[in-house]
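Trainee: Supplied structure: final_11.cif, mmCIF, N, CA and C atoms.
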```
data_protein
loop_
_atom_site.label_atom_id
_atom_site.label_comp_id
_atom_site.auth_asym_id
_atom_site.auth_seq_id
_atom_site.Cartn_x
_atom_site.Cartn_y
_atom_site.Cartn_z
N MET A 1 0.85 -1.17 0.00
CA MET A 1 0.00 0.00 0.00
C MET A 1 0.90 1.24 0.00
N HIS A 2 0.52 2.21 -0.77
CA HIS A 2 1.30 3.44 -0.88
C HIS A 2 1.31 4.16 0.47
N PRO A 3 2.46 4.76 0.84
CA PRO A 3 2.54 5.45 2.14
C PRO A 3 1.50 6.56 2.31
N PHE A 4 1.16 7.26 1.24
CA PHE A 4 0.15 8.31 1.34
C PHE A 4 -1.21 7.73 1.71
N VAL A 5 -1.53 6.57 1.16
CA VAL A 5 -2.81 5.91 1.46
C VAL A 5 -2.84 5.48 2.92
N LYS A 6 -1.73 4.94 3.41
CA LYS A 6 -1.65 4.57 4.83
C LYS A 6 -1.83 5.79 5.72
N PHE A 7 -1.18 6.89 5.35
CA PHE A 7 -1.30 8.13 6.12
C PHE A 7 -2.74 8.63 6.10
N PHE A 8 -3.37 8.63 4.91
CA PHE A 8 -4.74 9.09 4.78
C PHE A 8 -5.69 8.25 5.63
N LEU A 9 -5.53 6.94 5.57
CA LEU A 9 -6.41 6.06 6.35
C LEU A 9 -6.18 6.23 7.85
N ALA A 10 -4.93 6.45 8.26
CA ALA A 10 -4.67 6.69 9.68
C ALA A 10 -5.36 7.96 10.15
N ILE A 11 -5.26 9.02 9.34
CA ILE A 11 -5.94 10.28 9.68
C ILE A 11 -7.45 10.09 9.68
N TRP A 12 -7.96 9.36 8.68
CA TRP A 12 -9.40 9.12 8.57
C TRP A 12 -9.94 8.41 9.81
N PHE A 13 -9.31 7.27 10.17
CA PHE A 13 -9.80 6.51 11.31
C PHE A 13 -9.60 7.25 12.62
N ALA A 14 -8.49 7.97 12.76
CA ALA A 14 -8.27 8.75 13.98
C ALA A 14 -9.33 9.85 14.10
N GLY A 15 -9.61 10.52 13.00
CA GLY A 15 -10.63 11.57 13.01
C GLY A 15 -12.01 11.03 13.33
N VAL A 16 -12.34 9.91 12.73
CA VAL A 16 -13.65 9.30 13.00
C VAL A 16 -13.74 8.89 14.47
N LEU A 17 -12.69 8.29 14.99
CA LEU A 17 -12.74 7.86 16.39
C LEU A 17 -12.77 9.04 17.36
N ILE A 18 -11.96 10.05 17.10
CA ILE A 18 -11.92 11.20 18.03
C ILE A 18 -13.20 12.03 17.93
N PHE A 19 -13.50 12.53 16.72
CA PHE A 19 -14.66 13.41 16.58
C PHE A 19 -15.97 12.64 16.70
N GLY A 20 -15.99 11.43 16.19
CA GLY A 20 -17.19 10.61 16.34
C GLY A 20 -17.44 10.24 17.79
N GLY A 21 -16.36 9.95 18.51
CA GLY A 21 -16.50 9.64 19.94
C GLY A 21 -16.99 10.83 20.73
N LEU A 22 -16.45 12.01 20.41
CA LEU A 22 -16.92 13.23 21.08
C LEU A 22 -18.39 13.51 20.76
N ALA A 23 -18.76 13.38 19.49
CA ALA A 23 -20.15 13.62 19.11
C ALA A 23 -21.08 12.61 19.77
N PHE A 24 -20.63 11.38 19.87
CA PHE A 24 -21.44 10.35 20.52
C PHE A 24 -21.62 10.66 22.00
N GLN A 25 -20.56 11.10 22.67
CA GLN A 25 -20.65 11.44 24.09
C GLN A 25 -21.59 12.62 24.32
N VAL A 26 -21.50 13.63 23.44
CA VAL A 26 -22.38 14.80 23.58
C VAL A 26 -23.83 14.38 23.37
N SER A 27 -24.09 13.58 22.34
CA SER A 27 -25.48 13.16 22.09
C SER A 27 -25.99 12.26 23.20
N ARG A 28 -25.11 11.43 23.75
CA ARG A 28 -25.52 10.56 24.86
C ARG A 28 -25.85 11.38 26.11
N SER A 29 -25.04 12.39 26.39
CA SER A 29 -25.33 13.22 27.57
C SER A 29 -26.60 14.03 27.37
N ARG A 30 -26.85 14.47 26.14
CA ARG A 30 -28.11 15.19 25.87
C ARG A 30 -29.31 14.26 26.02
N THR A 31 -29.16 13.03 25.56
CA THR A 31 -30.26 12.07 25.67
C THR A 31 -30.54 11.74 27.13
N ILE A 32 -29.49 11.57 27.91
CA ILE A 32 -29.67 11.26 29.34
C ILE A 32 -30.33 12.42 30.07
N SER A 33 -29.98 13.65 29.67
CA SER A 33 -30.57 14.82 30.33
C SER A 33 -31.98 15.11 29.84
N GLY A 34 -32.43 14.41 28.78
CA GLY A 34 -33.79 14.61 28.30
C GLY A 34 -33.90 15.62 27.20
N ASN A 35 -32.78 16.11 26.69
CA ASN A 35 -32.78 17.11 25.62
C ASN A 35 -32.64 16.38 24.28
N PHE A 36 -33.73 15.84 23.78
CA PHE A 36 -33.71 15.10 22.52
C PHE A 36 -33.69 16.07 21.35
N GLY A 37 -33.10 15.64 20.26
CA GLY A 37 -33.07 16.47 19.05
C GLY A 37 -32.58 15.68 17.88
N ASP A 38 -32.70 16.28 16.71
CA ASP A 38 -32.26 15.61 15.49
C ASP A 38 -30.75 15.44 15.43
N ASP A 39 -30.02 16.36 16.06
CA ASP A 39 -28.56 16.28 16.00
C ASP A 39 -28.02 15.09 16.78
N SER A 40 -28.76 14.62 17.77
CA SER A 40 -28.27 13.46 18.53
C SER A 40 -28.32 12.19 17.68
N THR A 41 -29.31 12.07 16.82
CA THR A 41 -29.38 10.92 15.92
C THR A 41 -28.26 10.99 14.90
N ALA A 42 -28.02 12.17 14.33
CA ALA A 42 -26.96 12.34 13.34
C ALA A 42 -25.59 12.10 13.97
N ALA A 43 -25.41 12.54 15.21
CA ALA A 43 -24.12 12.35 15.88
C ALA A 43 -23.85 10.89 16.17
N THR A 44 -24.88 10.09 16.21
CA THR A 44 -24.70 8.65 16.43
C THR A 44 -24.51 7.92 15.11
N VAL A 45 -25.24 8.31 14.08
CA VAL A 45 -25.23 7.58 12.81
C VAL A 45 -24.03 7.95 11.94
N VAL A 46 -23.70 9.23 11.84
CA VAL A 46 -22.65 9.68 10.92
C VAL A 46 -21.29 9.05 11.23
N PRO A 47 -20.82 9.00 12.47
CA PRO A 47 -19.52 8.35 12.71
C PRO A 47 -19.51 6.86 12.36
N VAL A 48 -20.62 6.18 12.59
CA VAL A 48 -20.70 4.77 12.24
C VAL A 48 -20.63 4.58 10.73
N VAL A 49 -21.32 5.44 9.99
CA VAL A 49 -21.28 5.38 8.53
C VAL A 49 -19.87 5.70 8.02
N MET A 50 -19.22 6.70 8.60
CA MET A 50 -17.86 7.05 8.17
C MET A 50 -16.87 5.94 8.49
N LEU A 51 -17.02 5.30 9.63
CA LEU A 51 -16.17 4.17 9.98
C LEU A 51 -16.39 3.01 9.02
N ALA A 52 -17.64 2.72 8.71
CA ALA A 52 -17.96 1.64 7.76
C ALA A 52 -17.40 1.98 6.38
N PHE A 53 -17.49 3.24 5.96
CA PHE A 53 -16.95 3.65 4.66
C PHE A 53 -15.44 3.43 4.62
N GLY A 54 -14.74 3.76 5.70
CA GLY A 54 -13.30 3.54 5.74
C GLY A 54 -12.93 2.08 5.64
N VAL A 55 -13.67 1.23 6.32
CA VAL A 55 -13.41 -0.22 6.27
C VAL A 55 -13.71 -0.76 4.87
N ILE A 56 -14.82 -0.33 4.28
CA ILE A 56 -15.17 -0.77 2.93
C ILE A 56 -14.13 -0.29 1.93
N LEU A 57 -13.66 0.94 2.08
CA LEU A 57 -12.63 1.48 1.20
C LEU A 57 -11.35 0.66 1.29
N LEU A 58 -10.97 0.29 2.48
CA LEU A 58 -9.77 -0.52 2.69
C LEU A 58 -9.92 -1.91 2.08
N ARG A 59 -11.04 -2.54 2.29
CA ARG A 59 -11.27 -3.89 1.73
C ARG A 59 -11.36 -3.85 0.20
N PHE A 60 -12.02 -2.83 -0.33
CA PHE A 60 -12.15 -2.70 -1.78
C PHE A 60 -10.78 -2.51 -2.42
N GLY A 61 -9.95 -1.67 -1.83
CA GLY A 61 -8.60 -1.45 -2.35
C GLY A 61 -7.74 -2.70 -2.29
N SER A 62 -7.84 -3.45 -1.21
CA SER A 62 -7.04 -4.67 -1.12
C SER A 62 -7.55 -5.72 -2.09
N ARG A 63 -8.85 -5.75 -2.36
CA ARG A 63 -9.39 -6.70 -3.34
C ARG A 63 -8.94 -6.32 -4.75
N LEU A 64 -8.88 -5.03 -5.04
CA LEU A 64 -8.41 -4.60 -6.36
C LEU A 64 -6.94 -4.95 -6.57
N GLY A 65 -6.14 -4.88 -5.53
CA GLY A 65 -4.71 -5.10 -5.66
C GLY A 65 -4.23 -6.50 -5.39
N ARG A 66 -5.13 -7.44 -5.16
CA ARG A 66 -4.67 -8.78 -4.78
C ARG A 66 -3.98 -9.50 -5.92
N GLN A 67 -4.33 -9.24 -7.17
CA GLN A 67 -3.67 -9.89 -8.30
C GLN A 67 -2.36 -9.19 -8.68
N GLU A 68 -2.15 -7.99 -8.17
CA GLU A 68 -0.93 -7.25 -8.50
C GLU A 68 0.32 -7.98 -8.02
N LYS A 69 0.26 -8.56 -6.84
CA LYS A 69 1.42 -9.27 -6.32
C LYS A 69 1.78 -10.44 -7.21
N VAL A 70 0.78 -11.17 -7.68
CA VAL A 70 1.02 -12.31 -8.56
C VAL A 70 1.62 -11.82 -9.88
N SER A 71 1.10 -10.73 -10.42
CA SER A 71 1.62 -10.19 -11.68
C SER A 71 3.06 -9.72 -11.54
N ILE A 72 3.36 -9.02 -10.48
CA ILE A 72 4.71 -8.50 -10.26
C ILE A 72 5.69 -9.64 -10.04
N MET A 73 5.30 -10.64 -9.25
CA MET A 73 6.19 -11.77 -9.01
C MET A 73 6.44 -12.55 -10.30
N GLY A 74 5.43 -12.72 -11.14
CA GLY A 74 5.62 -13.39 -12.42
C GLY A 74 6.57 -12.62 -13.32
N TRP A 75 6.40 -11.30 -13.38
CA TRP A 75 7.29 -10.47 -14.18
C TRP A 75 8.72 -10.55 -13.67
N LEU A 76 8.90 -10.48 -12.35
CA LEU A 76 10.25 -10.58 -11.78
C LEU A 76 10.88 -11.93 -12.08
N GLN A 77 10.10 -13.00 -11.99
CA GLN A 77 10.63 -14.33 -12.27
C GLN A 77 11.04 -14.46 -13.74
N ARG A 78 10.21 -13.97 -14.66
CA ARG A 78 10.56 -14.01 -16.08
C ARG A 78 11.79 -13.16 -16.36
N SER A 79 11.85 -12.00 -15.75
CA SER A 79 12.99 -11.11 -15.95
C SER A 79 14.27 -11.73 -15.41
N PHE A 80 14.20 -12.33 -14.25
CA PHE A 80 15.37 -12.97 -13.65
C PHE A 80 15.82 -14.16 -14.49
N THR A 81 14.86 -14.94 -14.98
CA THR A 81 15.20 -16.10 -15.81
C THR A 81 15.86 -15.65 -17.10
N ASP A 82 15.33 -14.62 -17.75
CA ASP A 82 15.93 -14.10 -18.98
C ASP A 82 17.33 -13.58 -18.73
N THR A 83 17.55 -12.92 -17.62
CA THR A 83 18.86 -12.34 -17.30
C THR A 83 19.88 -13.43 -17.01
N THR A 84 19.50 -14.47 -16.31
CA THR A 84 20.47 -15.52 -15.96
C THR A 84 20.76 -16.44 -17.13
N GLU A 85 19.80 -16.62 -18.06
CA GLU A 85 20.05 -17.49 -19.21
C GLU A 85 20.88 -16.79 -20.27
N ASN A 86 20.67 -15.50 -20.46
CA ASN A 86 21.42 -14.71 -21.45
C ASN A 86 22.05 -13.50 -20.77
N PRO A 87 23.17 -13.70 -20.08
CA PRO A 87 23.74 -12.57 -19.32
C PRO A 87 24.31 -11.48 -20.21
N HIS A 88 24.59 -11.73 -21.48
CA HIS A 88 25.17 -10.72 -22.34
C HIS A 88 24.13 -9.97 -23.15
N SER A 89 22.85 -10.26 -23.00
CA SER A 89 21.81 -9.61 -23.77
C SER A 89 21.39 -8.30 -23.17
#
```
Translate the structure described by the file into structure tokens.

Mentor:
Amino acid sequence: MHPFVKFFLAIWFAGVLIFGGLAFQVSRSRTISGNFGDDSTAATVVPVVMLAFGVILLRFGSRLGRQEKVSIMGWLQRSFTDTTENPHS
């Protein structure tokens, strides 16, 4: 996985956990105090959706790249075989 993608996903999941956790705590305290509102539902649902999107994005990317390793290893093996059989080419 490209280092930028790893960095992006780390920021994504950290942001979802930090801000989603804070939003969840605020909505939970409002619900306990009896102050119901539309924002408490959104504060509960949005972080879960964002977390699920991050997991789906990660799985989709790994599924797209699973054949890449096989292709690269095949190319390296053919290249190595060609180089060792004809070293002067």

Trainee: Between atom C of Ile72 of chain A and atom C of Lys6 of chain A, measure the distance and give it in Å to one decimal.

Mentor: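 Value for the atom C of Ile72 of chain A-atom C of Lys6 of chain A distance: 23.3 Å.
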
Trainee: Please report the interatomic distance between atom C of Thr44 of chain A and atom C of Ala10 of chain A in Å with one decimal.

Mentor: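 Calculated distance between atom C of Thr44 of chain A and atom C of Ala10 of chain A is 19.8 Å.
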
Trainee: Dump as CSV the rows for residues of segment 39-72 of chain A within 10 Å of segment 16-25 of chain A: closest atom pair and distance in Å with one decimal, only C-alpha atoms counted, ordered by chain and rising residue number.

Mentor:
```
residue,atom,partner,partner_atom,distance
A:Asp39,CA,A:Ala23,CA,9.4
A:Ser40,CA,A:Phe24,CA,7.8
A:Thr41,CA,A:Phe24,CA,9.2
A:Ala42,CA,A:Ala23,CA,9.0
A:Ala43,CA,A:Ala23,CA,5.3
A:Thr44,CA,A:Phe24,CA,5.5
A:Val45,CA,A:Phe24,CA,9.0
A:Val46,CA,A:Gly20,CA,7.7
A:Pro47,CA,A:Gly20,CA,4.9
A:Val48,CA,A:Gly20,CA,8.0
A:Val49,CA,A:Val16,CA,9.7
A:Met50,CA,A:Val16,CA,6.8
A:Leu51,CA,A:Val16,CA,6.5
A:Gly54,CA,A:Val16,CA,9.3
```

Trainee: Expressed in Å to a single decimal, how great is the separation between atom N of Phe13 of chain A and atom N of Val55 of chain A?

Mentor: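 Atom N of Val55 of chain A lies 8.4 Å from atom N of Phe13 of chain A.
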
Trainee: Counting only C-alpha atoms, which of A:Val26, A:Asp82, A:Leu64, A:Leu58 gets nearest to Val5 of chain A?

Mentor: A:Leu58
